[in-house]
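Peer 1: So I've got this file, model.cif, and it contains mmCIF, C-alpha atoms and all ligand atoms:
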```cif
data_protein
#
loop_
_atom_site.label_atom_id
_atom_site.label_comp_id
_atom_site.auth_asym_id
_atom_site.auth_seq_id
_atom_site.Cartn_x
_atom_site.Cartn_y
_atom_site.Cartn_z
CA MET G 1 -38.18 18.56 19.81
CA THR G 2 -37.60 17.80 16.16
CA THR G 3 -35.89 19.56 13.28
CA ALA G 4 -36.74 18.44 9.73
CA GLY G 5 -37.97 15.14 11.13
CA VAL G 6 -34.86 14.44 13.23
CA SER G 7 -35.23 14.33 16.97
CA THR G 8 -32.53 16.63 18.33
CA THR G 9 -31.78 14.08 21.02
CA GLU G 10 -31.05 11.38 18.44
CA ARG G 11 -27.65 11.34 16.82
CA THR G 12 -27.27 10.89 13.08
CA ILE G 13 -26.28 7.33 12.30
CA PRO G 14 -23.39 7.51 9.83
CA LEU G 15 -22.97 5.18 6.87
CA SER G 16 -19.70 3.64 7.95
CA VAL G 17 -17.09 4.77 10.45
CA PRO G 18 -13.89 3.11 11.64
CA VAL G 19 -13.80 1.56 15.09
CA LEU G 20 -10.40 1.97 16.74
CA GLN G 21 -10.64 0.13 20.02
CA GLY G 22 -7.78 -2.35 19.92
CA ASN G 23 -4.03 -1.82 20.11
CA GLU G 24 -4.01 1.27 17.83
CA TRP G 25 -2.84 3.66 20.59
CA THR G 26 -0.24 1.26 21.94
CA TYR G 27 1.28 0.56 18.55
CA LEU G 28 1.23 4.22 17.50
CA LYS G 29 2.93 5.18 20.75
CA GLU G 30 5.59 2.60 20.02
CA CYS G 31 6.25 4.29 16.65
CA LEU G 32 6.56 7.70 18.31
CA ASP G 33 8.67 6.41 21.18
CA THR G 34 11.10 4.66 18.85
CA GLY G 35 11.14 7.27 16.09
CA TRP G 36 10.02 4.79 13.40
CA VAL G 37 7.38 6.99 11.80
CA SER G 38 8.18 6.83 8.11
CA THR G 39 8.27 4.18 5.40
CA VAL G 40 10.77 1.92 7.13
CA GLY G 41 9.93 0.22 10.39
CA PRO G 42 8.94 -3.00 12.06
CA PHE G 43 5.18 -2.49 11.76
CA VAL G 44 5.35 -2.28 7.96
CA ASP G 45 7.06 -5.66 7.79
CA ARG G 46 4.75 -7.21 10.38
CA PHE G 47 1.65 -5.86 8.69
CA GLU G 48 2.76 -7.39 5.39
CA GLN G 49 3.58 -10.74 6.96
CA GLU G 50 0.34 -10.93 8.90
CA ILE G 51 -1.85 -9.93 5.97
CA ALA G 52 -0.16 -12.61 3.84
CA ALA G 53 -0.62 -15.23 6.59
CA TYR G 54 -4.25 -14.24 7.14
CA LEU G 55 -5.12 -14.42 3.45
CA GLY G 56 -3.05 -17.52 2.77
CA VAL G 57 -0.91 -15.85 0.08
CA SER G 58 2.87 -15.91 -0.24
CA HIS G 59 3.64 -12.23 -0.85
CA ALA G 60 2.25 -8.92 0.37
CA VAL G 61 3.65 -5.48 -0.50
CA ALA G 62 2.31 -2.53 1.47
CA THR G 63 1.41 0.66 -0.40
CA SER G 64 0.29 4.17 0.50
CA SER G 65 -3.25 3.58 -0.83
CA GLY G 66 -5.45 1.04 -2.53
CA THR G 67 -5.22 3.09 -5.72
CA ALA G 68 -1.42 2.85 -5.60
CA ALA G 69 -1.76 -0.91 -5.02
CA LEU G 70 -3.92 -1.17 -8.15
CA HIS G 71 -1.46 0.83 -10.21
CA ILE G 72 1.45 -1.35 -9.13
CA ALA G 73 -0.62 -4.55 -9.51
CA LEU G 74 -1.40 -3.67 -13.13
CA LYS G 75 2.20 -2.78 -13.88
CA VAL G 76 3.69 -5.93 -12.40
CA ALA G 77 1.02 -8.00 -14.14
CA GLY G 78 2.45 -6.71 -17.41
CA VAL G 79 -0.17 -4.15 -18.48
CA GLN G 80 1.53 -1.72 -20.85
CA GLU G 81 0.75 1.47 -22.66
CA GLY G 82 -1.79 0.81 -25.43
CA ASP G 83 -3.16 -2.43 -23.92
CA GLU G 84 -6.81 -2.96 -23.10
CA VAL G 85 -8.10 -4.14 -19.74
CA LEU G 86 -11.64 -5.45 -19.17
CA VAL G 87 -12.98 -3.88 -15.98
CA SER G 88 -16.24 -3.72 -14.01
CA ASP G 89 -18.41 -0.76 -15.03
CA LEU G 90 -20.16 -0.57 -11.66
CA THR G 91 -17.30 0.27 -9.34
CA PHE G 92 -15.61 3.03 -7.43
CA ILE G 93 -13.42 4.81 -10.01
CA ALA G 94 -9.97 3.95 -8.58
CA PRO G 95 -9.30 0.73 -10.54
CA VAL G 96 -10.23 2.44 -13.80
CA ASN G 97 -7.96 5.39 -13.06
CA ALA G 98 -5.16 2.92 -12.33
CA ILE G 99 -5.62 1.41 -15.80
CA ARG G 100 -5.23 4.91 -17.22
CA TYR G 101 -2.09 5.57 -15.14
CA CYS G 102 -0.55 2.65 -17.10
CA GLY G 103 -1.48 4.31 -20.40
CA ALA G 104 -3.92 1.44 -21.02
CA HIS G 105 -7.57 1.52 -22.10
CA PRO G 106 -10.48 0.25 -20.02
CA VAL G 107 -13.23 -1.78 -21.68
CA PHE G 108 -16.28 -1.63 -19.44
CA ILE G 109 -18.14 -4.83 -18.64
CA ASP G 110 -21.70 -4.77 -17.33
CA ALA G 111 -22.82 -5.81 -13.87
CA ASP G 112 -24.70 -9.06 -13.34
CA PRO G 113 -28.22 -8.13 -12.14
CA ASN G 114 -28.25 -11.03 -9.66
CA THR G 115 -24.84 -10.67 -8.02
CA TRP G 116 -24.18 -6.95 -8.85
CA GLN G 117 -20.57 -7.97 -9.69
CA MET G 118 -18.91 -8.06 -13.13
CA ASP G 119 -21.03 -10.13 -15.54
CA VAL G 120 -18.45 -12.76 -16.43
CA GLU G 121 -20.60 -14.29 -19.18
CA LYS G 122 -20.64 -10.92 -20.91
CA ALA G 123 -16.88 -10.65 -20.52
CA ALA G 124 -16.66 -14.07 -22.17
CA ARG G 125 -18.94 -12.89 -24.98
CA PHE G 126 -16.81 -9.81 -25.56
CA LEU G 127 -13.67 -11.92 -25.79
CA ARG G 128 -15.31 -14.51 -28.05
CA ASP G 129 -17.13 -12.13 -30.42
CA ARG G 130 -15.01 -8.97 -30.40
CA CYS G 131 -11.47 -10.30 -30.14
CA GLU G 132 -9.26 -12.52 -32.24
CA PRO G 133 -6.05 -14.38 -31.54
CA ARG G 134 -2.72 -13.26 -32.95
CA ARG G 135 0.62 -14.89 -32.44
CA PRO G 136 3.28 -12.22 -32.01
CA ARG G 137 6.45 -12.85 -34.00
CA GLY G 138 9.13 -14.77 -32.13
CA ASP G 139 6.82 -15.36 -29.20
CA ALA G 140 5.06 -18.65 -28.57
CA THR G 141 2.24 -17.13 -26.54
CA GLU G 142 -0.89 -16.27 -28.42
CA GLU G 143 -2.52 -12.96 -27.53
CA TYR G 144 -6.00 -11.65 -28.14
CA ARG G 145 -6.68 -8.37 -29.88
CA ASN G 146 -9.82 -6.29 -29.96
CA THR G 147 -10.85 -6.51 -33.63
CA LYS G 148 -12.23 -2.95 -33.60
CA THR G 149 -9.23 -1.19 -32.06
CA GLY G 150 -6.47 -3.67 -32.91
CA ARG G 151 -5.21 -3.38 -29.34
CA ARG G 152 -3.99 -6.27 -27.24
CA VAL G 153 -6.39 -7.31 -24.44
CA ARG G 154 -3.88 -7.93 -21.72
CA ALA G 155 -5.83 -8.26 -18.49
CA ILE G 156 -9.17 -8.43 -16.76
CA LEU G 157 -9.83 -6.45 -13.59
CA PRO G 158 -12.85 -7.72 -11.66
CA VAL G 159 -13.86 -5.53 -8.70
CA HIS G 160 -15.47 -7.34 -5.77
CA ILE G 161 -17.95 -4.71 -4.64
CA LEU G 162 -19.71 -4.26 -1.29
CA GLY G 163 -18.20 -7.28 0.49
CA LEU G 164 -19.40 -9.80 -2.10
CA ALA G 165 -17.36 -11.73 -4.70
CA CYS G 166 -17.10 -11.98 -8.47
CA ASP G 167 -17.14 -15.41 -10.06
CA MET G 168 -13.38 -15.87 -9.93
CA GLN G 169 -13.47 -19.54 -10.80
CA PHE G 170 -15.00 -18.69 -14.18
CA ILE G 171 -12.55 -15.82 -14.66
CA MET G 172 -9.48 -17.90 -13.83
CA GLU G 173 -10.43 -21.14 -15.50
CA ARG G 174 -12.40 -19.99 -18.49
CA LEU G 175 -11.29 -16.48 -19.36
CA ALA G 176 -7.70 -16.21 -18.15
CA LYS G 177 -6.65 -19.57 -19.57
CA GLN G 178 -8.44 -19.42 -22.89
CA TYR G 179 -7.61 -15.80 -23.69
CA HIS G 180 -4.18 -15.58 -22.02
CA LEU G 181 -5.28 -12.80 -19.72
CA ARG G 182 -3.62 -11.60 -16.57
CA VAL G 183 -6.12 -11.29 -13.73
CA VAL G 184 -5.68 -8.24 -11.50
CA ALA G 185 -8.45 -8.28 -8.91
CA ASP G 186 -9.65 -5.38 -6.76
CA ALA G 187 -10.50 -6.72 -3.31
CA ALA G 188 -10.55 -3.28 -1.63
CA GLU G 189 -14.13 -3.81 -0.45
CA ALA G 190 -13.84 -7.54 0.06
CA MET G 191 -11.17 -8.16 2.69
CA GLY G 192 -12.35 -11.20 4.66
CA VAL G 193 -14.79 -12.48 2.02
CA LEU G 194 -14.45 -16.21 1.40
CA TYR G 195 -15.01 -17.77 -1.99
CA TRP G 196 -14.92 -21.54 -2.30
CA HIS G 197 -13.66 -21.47 1.32
CA ARG G 198 -10.57 -19.44 0.38
CA HIS G 199 -10.05 -15.73 0.86
CA ILE G 200 -11.26 -13.87 -2.23
CA ALA G 201 -8.04 -11.83 -2.08
CA ALA G 202 -6.16 -15.05 -2.79
CA TRP G 203 -7.94 -15.40 -6.17
CA GLY G 204 -6.28 -13.82 -9.20
CA HIS G 205 -2.72 -13.34 -10.38
CA VAL G 206 -2.21 -10.07 -8.53
CA VAL G 207 -4.70 -8.55 -6.07
CA ALA G 208 -5.07 -5.08 -4.53
CA LEU G 209 -6.44 -4.22 -1.09
CA SER G 210 -7.29 -0.88 0.49
CA PHE G 211 -7.13 0.27 4.11
CA ASN G 212 -8.71 3.67 3.76
CA GLY G 213 -11.03 4.95 6.46
CA ASN G 214 -14.24 3.33 5.26
CA LYS G 215 -12.85 -0.16 4.63
CA ILE G 216 -13.50 -3.12 6.95
CA ILE G 217 -10.09 -2.48 8.48
CA THR G 218 -8.28 0.82 8.14
CA ALA G 219 -4.72 2.05 8.42
CA GLY G 220 -5.91 5.66 8.11
CA GLY G 221 -4.95 5.18 4.47
CA GLY G 222 -3.00 2.49 2.71
CA GLY G 223 -3.17 -0.56 0.54
CA MET G 224 -1.48 -3.85 -0.25
CA VAL G 225 -0.53 -5.77 -3.37
CA VAL G 226 -0.83 -9.51 -2.74
CA MET G 227 0.01 -12.56 -4.83
CA SER G 228 1.22 -16.13 -4.50
CA ASN G 229 4.23 -18.05 -5.74
CA GLN G 230 5.68 -15.13 -7.70
CA PRO G 231 8.75 -14.00 -5.73
CA VAL G 232 10.24 -12.10 -8.67
CA THR G 233 7.00 -10.22 -9.35
CA ALA G 234 6.59 -9.41 -5.66
CA ARG G 235 10.14 -8.08 -5.51
CA TYR G 236 9.44 -5.96 -8.57
CA ALA G 237 6.30 -4.57 -6.90
CA ARG G 238 8.32 -3.59 -3.82
CA PHE G 239 11.01 -2.03 -6.02
CA LEU G 240 8.45 0.08 -7.90
CA THR G 241 6.83 1.33 -4.69
CA THR G 242 10.19 2.60 -3.40
CA GLN G 243 11.23 4.84 -6.31
CA ALA G 244 12.73 1.88 -8.24
CA LYS G 245 16.01 2.37 -6.45
CA ASP G 246 18.71 -0.26 -6.85
CA ASP G 247 19.98 -1.86 -3.63
CA GLY G 248 23.11 -0.20 -2.30
CA PRO G 249 24.20 3.22 -1.11
CA GLU G 250 24.08 5.05 -4.49
CA TYR G 251 20.94 6.55 -5.98
CA ILE G 252 20.69 4.37 -9.06
CA HIS G 253 17.26 4.22 -10.69
CA ARG G 254 16.99 2.23 -13.91
CA GLU G 255 13.32 2.95 -14.45
CA VAL G 256 10.59 5.28 -13.29
CA GLY G 257 9.44 4.35 -9.80
CA TYR G 258 6.89 5.67 -7.34
CA ASN G 259 6.80 6.92 -3.77
CA TYR G 260 4.06 4.47 -2.81
CA ARG G 261 5.35 2.85 0.37
CA LEU G 262 3.11 2.66 3.48
CA THR G 263 4.43 4.38 6.60
CA ASN G 264 5.15 2.63 9.87
CA LEU G 265 2.50 4.82 11.54
CA GLN G 266 -0.15 3.60 9.12
CA ALA G 267 1.01 0.00 9.41
CA ALA G 268 0.78 0.25 13.22
CA VAL G 269 -2.89 1.18 12.94
CA GLY G 270 -3.47 -1.43 10.21
CA LEU G 271 -1.96 -4.19 12.30
CA ALA G 272 -4.07 -3.30 15.33
CA GLN G 273 -7.13 -3.35 13.09
CA LEU G 274 -6.19 -6.68 11.57
CA GLU G 275 -6.19 -8.17 15.07
CA GLN G 276 -9.87 -7.20 15.29
CA LEU G 277 -10.90 -8.23 11.79
CA GLU G 278 -12.65 -11.50 12.63
CA GLY G 279 -14.89 -9.69 15.12
CA PHE G 280 -15.63 -6.99 12.53
CA ILE G 281 -16.59 -9.63 9.96
CA GLN G 282 -18.92 -11.35 12.41
CA ARG G 283 -20.57 -8.02 13.22
CA LYS G 284 -20.96 -7.11 9.52
CA ARG G 285 -22.63 -10.48 8.98
CA SER G 286 -24.96 -10.00 11.93
CA ILE G 287 -25.85 -6.50 10.66
CA ALA G 288 -26.72 -8.05 7.29
CA ALA G 289 -28.80 -10.73 9.01
CA PHE G 290 -30.62 -8.02 10.96
CA TYR G 291 -31.50 -5.99 7.83
CA GLU G 292 -32.48 -9.16 6.02
CA LYS G 293 -34.93 -10.15 8.75
CA ALA G 294 -36.21 -6.64 9.38
CA LEU G 295 -36.82 -5.78 5.70
CA ARG G 296 -37.59 -9.04 3.95
CA ASP G 297 -41.35 -8.45 3.92
CA VAL G 298 -40.95 -5.02 2.27
CA SER G 299 -42.10 -5.75 -1.27
CA GLU G 300 -40.55 -2.56 -2.76
CA LEU G 301 -37.03 -3.69 -1.82
CA THR G 302 -34.60 -6.21 -3.22
CA LEU G 303 -32.13 -7.19 -0.52
CA MET G 304 -28.44 -7.86 -0.87
CA PRO G 305 -27.60 -11.09 -2.72
CA THR G 306 -25.12 -13.78 -1.73
CA PRO G 307 -23.31 -14.91 -4.89
CA ALA G 308 -22.72 -18.66 -5.26
CA HIS G 309 -19.85 -20.23 -3.28
CA THR G 310 -19.38 -16.96 -1.37
CA GLU G 311 -19.30 -16.17 2.34
CA PRO G 312 -19.72 -12.38 2.14
CA THR G 313 -18.77 -9.75 4.67
CA PHE G 314 -21.59 -7.43 3.45
CA TRP G 315 -19.11 -4.56 3.88
CA LEU G 316 -21.83 -1.97 3.09
CA TYR G 317 -25.34 -3.37 3.38
CA THR G 318 -27.12 -2.27 0.23
CA VAL G 319 -30.69 -2.61 -0.99
CA LEU G 320 -32.36 -1.97 -4.34
CA LEU G 321 -35.48 0.13 -4.65
CA LYS G 322 -38.18 -1.23 -6.93
CA PRO G 323 -37.52 -1.76 -10.65
CA GLY G 324 -37.98 1.40 -12.68
CA THR G 325 -36.94 3.74 -9.83
CA SER G 326 -35.40 6.88 -11.29
CA VAL G 327 -32.23 8.52 -9.98
CA PRO G 328 -34.20 11.52 -8.58
CA ALA G 329 -36.65 9.16 -6.84
CA ARG G 330 -33.78 7.22 -5.27
CA GLN G 331 -32.20 10.51 -4.20
CA ALA G 332 -35.48 11.60 -2.64
CA PHE G 333 -35.55 8.32 -0.68
CA ILE G 334 -32.01 9.01 0.59
CA GLU G 335 -33.10 12.53 1.61
CA ARG G 336 -36.06 11.08 3.55
CA LEU G 337 -33.62 8.85 5.42
CA ARG G 338 -31.35 11.81 6.08
CA ALA G 339 -34.29 13.74 7.51
CA GLN G 340 -34.67 10.93 10.02
CA GLY G 341 -30.98 11.07 10.97
CA ILE G 342 -29.86 8.12 8.86
CA GLU G 343 -26.96 8.52 6.44
CA ALA G 344 -27.36 6.51 3.25
CA ARG G 345 -25.53 6.62 -0.09
CA PRO G 346 -26.09 5.66 -3.69
CA LEU G 347 -23.65 3.45 -5.59
CA TRP G 348 -21.22 4.93 -8.09
CA HIS G 349 -22.13 6.30 -11.50
CA PRO G 350 -21.36 3.57 -14.02
CA ILE G 351 -17.89 4.66 -15.01
CA HIS G 352 -18.49 4.65 -18.77
CA ARG G 353 -20.79 7.66 -18.21
CA LEU G 354 -18.15 9.81 -16.52
CA PRO G 355 -16.33 12.49 -18.55
CA PRO G 356 -12.82 10.97 -18.55
CA TYR G 357 -14.16 7.63 -19.80
CA GLN G 358 -17.09 8.49 -22.06
CA ASP G 359 -15.09 7.68 -25.17
CA CYS G 360 -14.04 4.23 -23.99
CA GLU G 361 -15.62 1.02 -25.14
CA ALA G 362 -18.54 -0.14 -22.99
CA PHE G 363 -19.79 -3.60 -23.88
CA GLU G 364 -23.57 -4.19 -23.83
CA ILE G 365 -24.20 -2.22 -20.64
CA GLU G 366 -27.78 -2.78 -19.48
CA HIS G 367 -27.77 -3.54 -15.76
CA ALA G 368 -25.08 -1.24 -14.32
CA ASP G 369 -27.29 1.79 -14.99
CA ASP G 370 -30.32 0.14 -13.42
CA LEU G 371 -28.41 -0.94 -10.31
CA TYR G 372 -26.96 2.53 -9.99
CA ALA G 373 -30.43 4.10 -10.15
CA ARG G 374 -31.92 1.74 -7.56
CA ALA G 375 -29.17 0.96 -5.04
CA VAL G 376 -28.94 2.52 -1.60
CA SER G 377 -26.30 1.60 0.97
CA LEU G 378 -27.45 1.68 4.59
CA PRO G 379 -25.49 2.27 7.81
CA SER G 380 -23.11 -0.64 8.32
CA SER G 381 -20.49 0.39 10.91
CA VAL G 382 -19.44 -2.46 13.15
CA ASN G 383 -20.22 -0.43 16.27
CA LEU G 384 -23.92 0.00 15.49
CA SER G 385 -26.09 -1.13 18.36
CA ASP G 386 -29.19 -3.24 17.82
CA ALA G 387 -31.22 -0.15 18.74
CA ASP G 388 -29.42 1.82 15.98
CA LEU G 389 -30.25 -0.92 13.51
CA GLN G 390 -33.88 -0.89 14.57
CA ARG G 391 -33.92 2.87 13.96
CA CYS G 392 -32.42 2.34 10.49
CA ALA G 393 -34.93 -0.34 9.51
CA ALA G 394 -37.85 1.73 10.82
CA ALA G 395 -36.56 4.76 8.89
CA VAL G 396 -36.37 2.74 5.67
CA ARG G 397 -40.01 1.69 6.05
CA GLU G 398 -41.02 5.28 6.84
CA ALA G 399 -39.09 6.63 3.83
CA LEU G 400 -40.88 4.18 1.53
CA ARG G 401 -44.33 5.30 2.66
CA PRO G 402 -46.21 6.98 -0.21
C1 LIG A 1 -13.39 -0.91 -5.08
C2 LIG A 1 -12.35 0.05 -4.63
N1 LIG A 1 -11.16 0.05 -5.24
C3 LIG A 1 -10.18 0.89 -4.89
C4 LIG A 1 -10.36 1.80 -3.87
C5 LIG A 1 -9.26 2.78 -3.63
O1 LIG A 1 -8.64 2.62 -2.42
P1 LIG A 1 -7.88 3.89 -1.76
O2 LIG A 1 -8.92 4.85 -1.33
O3 LIG A 1 -7.17 3.24 -0.61
O4 LIG A 1 -6.95 4.43 -2.76
C6 LIG A 1 -11.59 1.82 -3.19
C7 LIG A 1 -11.89 2.72 -2.08
O5 LIG A 1 -11.42 3.68 -1.71
C8 LIG A 1 -12.60 0.93 -3.58
O6 LIG A 1 -13.79 0.94 -2.98
#
```
The structure in this file should be written as structure tokens.
Peer 2:
Amino acid sequence: MTTAGVSTTERTIPLSVPVLQGNEWTYLKECLDTGWVSTVGPFVDRFEQEIAAYLGVSHAVATSSGTAALHIALKVAGVQEGDEVLVSDLTFIAPVNAIRYCGAHPVFIDADPNTWQMDVEKAARFLRDRCEPRRPRGDATEEYRNTKTGRRVRAILPVHILGLACDMQFIMERLAKQYHLRVVADAAEAMGVLYWHRHIAAWGHVVALSFNGNKIITAGGGGMVVMSNQPVTARYARFLTTQAKDDGPEYIHREVGYNYRLTNLQAAVGLAQLEQLEGFIQRKRSIAAFYEKALRDVSELTLMPTPAHTEPTFWLYTVLLKPGTSVPARQAFIERLRAQGIEARPLWHPIHRLPPYQDCEAFEIEHADDLYARAVSLPSSVNLSDADLQRCAAAVREALRP
């Protein structure tokens, strides 16, 4: 029997669900048995230490969400009210909101049509053609100002989307050095991605991770600020996440802080997930290899790229419909998948088009809109069976039929 094309005996295959089959129960029980359920507890410390060891970074500060991690990362990187921050236009909105929380202004940079990540050459062009150096009085460090707004360009925030990687070598060696920029990277979707054989989350001055429910590992919710060789900055990050309270018994707060600390309960789940991460990465890669093989002869589709020097996780396997596809046509394709019991999603609206950010500067955006119109993410949970994947691939072919 079928309803709207879906066999009632076949379950809907979701886009991405967490798989909690390791030590999650055991560790959670330990929290409940010992009473360590809040923001202090052994799992928070262990989770931080093990994330730092896994990524090869020196400091990790756990936060209540990836968005909180981004906010703190920007603050400790020195982004201040009135500064500008170059940021990917094609991204989930959280990093842009975090720029706003600092009272700073995003400048949107287009996506590269080949890698779908921030177009670093365009970022370079913006800095070269639209900014000029100024030497602040009494300070030896030159800074760059946007010639149109007069504001200081303080940082660049590349977002590694979909389990791929931005060209961090170019960002660190060409942009950060030449234009004295702080690099705050968003690796929420890129935990486990390698770039030049190092974890992508180890690239940048300060990096944010997320452990929300759809990420490659989850803590139910949560995030982490990571960095290397900056003990003072890391301490400051921890201080800000805990209401900026001075050490000691009195409630002394010399600046405005935040209640952004991860709980022990969340860290318990996160740690159990981290123990399974390598297996999850292998499965994500084999899912990508499956889609690649199953769909490579479909001429209407462009498959997911692998940017240079990158070993992706393909966190959400995403394809592009043919050039010129309109947003309604892409939505109709997603509906045809849904009718076959396959959940699929578009990418995010380019942020410069959204009401809170329509007035912000958007530099030569051409490709973010096109990628947004054409991209469709397919089911990518690590517990998909090969039979599920075959169903997904067959549904894609069916949904493309004229
Ligand atoms: C690229 C990106 N940045 C930031 C976040 C925000 O993380 P959180 O939901 O943990 O606040 C997400 C996802 O949620 C994301 O995909």
Peer 1: Write out as JSON lines a residue-level contact list of chain G versus ligand LIG 1 (chain A) with cut-off 10 Å: for each qualifying residue the closest pair of atoms and the distance in Å to one decimal, counting only C-alpha atoms and all ligand atoms, rows sorted by chain and residue number upward.
Peer 2:
```
{"residue": "G:Thr63", "atom": "CA", "partner": "A:LIG1", "partner_atom": "O3", "distance": 9.0}
{"residue": "G:Ser64", "atom": "CA", "partner": "A:LIG1", "partner_atom": "O3", "distance": 7.6}
{"residue": "G:Ser65", "atom": "CA", "partner": "A:LIG1", "partner_atom": "O3", "distance": 3.9}
{"residue": "G:Gly66", "atom": "CA", "partner": "A:LIG1", "partner_atom": "O3", "distance": 3.4}
{"residue": "G:Thr67", "atom": "CA", "partner": "A:LIG1", "partner_atom": "O4", "distance": 3.7}
{"residue": "G:Ala68", "atom": "CA", "partner": "A:LIG1", "partner_atom": "O4", "distance": 6.4}
{"residue": "G:Ala69", "atom": "CA", "partner": "A:LIG1", "partner_atom": "O4", "distance": 7.8}
{"residue": "G:Leu70", "atom": "CA", "partner": "A:LIG1", "partner_atom": "C3", "distance": 7.4}
{"residue": "G:His71", "atom": "CA", "partner": "A:LIG1", "partner_atom": "O4", "distance": 9.9}
{"residue": "G:Ser88", "atom": "CA", "partner": "A:LIG1", "partner_atom": "C1", "distance": 9.8}
{"residue": "G:Leu90", "atom": "CA", "partner": "A:LIG1", "partner_atom": "C1", "distance": 9.4}
{"residue": "G:Thr91", "atom": "CA", "partner": "A:LIG1", "partner_atom": "C1", "distance": 5.9}
{"residue": "G:Phe92", "atom": "CA", "partner": "A:LIG1", "partner_atom": "C1", "distance": 5.1}
{"residue": "G:Ile93", "atom": "CA", "partner": "A:LIG1", "partner_atom": "N1", "distance": 7.1}
{"residue": "G:Ala94", "atom": "CA", "partner": "A:LIG1", "partner_atom": "C3", "distance": 4.8}
{"residue": "G:Pro95", "atom": "CA", "partner": "A:LIG1", "partner_atom": "N1", "distance": 5.7}
{"residue": "G:Val96", "atom": "CA", "partner": "A:LIG1", "partner_atom": "N1", "distance": 8.9}
{"residue": "G:Asn97", "atom": "CA", "partner": "A:LIG1", "partner_atom": "C3", "distance": 9.6}
{"residue": "G:Ala98", "atom": "CA", "partner": "A:LIG1", "partner_atom": "C3", "distance": 9.2}
{"residue": "G:Pro158", "atom": "CA", "partner": "A:LIG1", "partner_atom": "C1", "distance": 9.5}
{"residue": "G:Val159", "atom": "CA", "partner": "A:LIG1", "partner_atom": "C1", "distance": 5.9}
{"residue": "G:His160", "atom": "CA", "partner": "A:LIG1", "partner_atom": "C1", "distance": 6.8}
{"residue": "G:Ile161", "atom": "CA", "partner": "A:LIG1", "partner_atom": "C1", "distance": 6.0}
{"residue": "G:Leu162", "atom": "CA", "partner": "A:LIG1", "partner_atom": "O6", "distance": 8.1}
{"residue": "G:Gly163", "atom": "CA", "partner": "A:LIG1", "partner_atom": "C1", "distance": 9.7}
{"residue": "G:Ala185", "atom": "CA", "partner": "A:LIG1", "partner_atom": "N1", "distance": 9.5}
{"residue": "G:Asp186", "atom": "CA", "partner": "A:LIG1", "partner_atom": "N1", "distance": 5.8}
{"residue": "G:Ala187", "atom": "CA", "partner": "A:LIG1", "partner_atom": "C1", "distance": 6.7}
{"residue": "G:Ala188", "atom": "CA", "partner": "A:LIG1", "partner_atom": "C2", "distance": 4.8}
{"residue": "G:Glu189", "atom": "CA", "partner": "A:LIG1", "partner_atom": "O6", "distance": 5.4}
{"residue": "G:Ala190", "atom": "CA", "partner": "A:LIG1", "partner_atom": "C1", "distance": 8.4}
{"residue": "G:Ala208", "atom": "CA", "partner": "A:LIG1", "partner_atom": "C3", "distance": 7.9}
{"residue": "G:Leu209", "atom": "CA", "partner": "A:LIG1", "partner_atom": "O1", "distance": 7.3}
{"residue": "G:Ser210", "atom": "CA", "partner": "A:LIG1", "partner_atom": "O3", "distance": 4.3}
{"residue": "G:Phe211", "atom": "CA", "partner": "A:LIG1", "partner_atom": "O3", "distance": 5.6}
{"residue": "G:Asn212", "atom": "CA", "partner": "A:LIG1", "partner_atom": "O3", "distance": 4.7}
{"residue": "G:Gly213", "atom": "CA", "partner": "A:LIG1", "partner_atom": "O2", "distance": 8.1}
{"residue": "G:Asn214", "atom": "CA", "partner": "A:LIG1", "partner_atom": "O5", "distance": 7.5}
{"residue": "G:Lys215", "atom": "CA", "partner": "A:LIG1", "partner_atom": "C7", "distance": 7.4}
{"residue": "G:Thr218", "atom": "CA", "partner": "A:LIG1", "partner_atom": "O3", "distance": 9.1}
{"residue": "G:Ala219", "atom": "CA", "partner": "A:LIG1", "partner_atom": "O3", "distance": 9.4}
{"residue": "G:Gly220", "atom": "CA", "partner": "A:LIG1", "partner_atom": "O3", "distance": 9.1}
{"residue": "G:Gly221", "atom": "CA", "partner": "A:LIG1", "partner_atom": "O3", "distance": 5.9}
{"residue": "G:Gly222", "atom": "CA", "partner": "A:LIG1", "partner_atom": "O3", "distance": 5.4}
{"residue": "G:Gly223", "atom": "CA", "partner": "A:LIG1", "partner_atom": "O3", "distance": 5.6}
{"residue": "G:Met224", "atom": "CA", "partner": "A:LIG1", "partner_atom": "O3", "distance": 9.1}
{"residue": "G:Trp348", "atom": "CA", "partner": "A:LIG1", "partner_atom": "O6", "distance": 9.9}
```
Peer 1: How far is it from atom CA of Val183 of chain G to atom CA of Cys166 of chain G, in Å with one decimal?
Peer 2: 12.2 Å
Peer 1: Using only C-alpha atoms for the distances, tell me which of G:Glu300, G:Pro346, G:Ser385, G:Pro379 is nearest to Arg401 of chain G.
Peer 2: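 Residue with the minimum atom-to-atom distance to Arg401 of chain G: G:Glu300.
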Peer 1: Any idea what the distance is between atom CA of Val269 of chain G and atom CA of Tyr27 of chain G?
Peer 2: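 Atom-to-atom, atom CA of Val269 of chain G and atom CA of Tyr27 of chain G are spaced 7.0 Å apart.
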Peer 1: Hey, which of G:His59, G:Arg152, G:Arg261, G:Arg254 ends up closest to His105 of chain G? Count all atoms listed in the file.
Peer 2: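 Looking at the shortest contact to His105 of chain G, the residue is G:Arg152.
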Peer 1: For Leu337 of chain G, list every protein, DNA or RNA residue within 12 Å, evaluated using all atoms listed in the file, and leave out those in the same chain fewer than 2 positions away; present the list as a ChimeraX atom specification.
Peer 2: /G:4-6,12-15,330-335,339-345,376-379,391-401
Peer 1: Counting only C-alpha atoms, which residue out of G:Pro328, G:Gly204, G:Gly82, G:Gly192 sits closest to Asp167 of chain G?
Peer 2: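 When distances to Asp167 of chain G are compared using only C-alpha atoms, the smallest one comes from G:Gly204.
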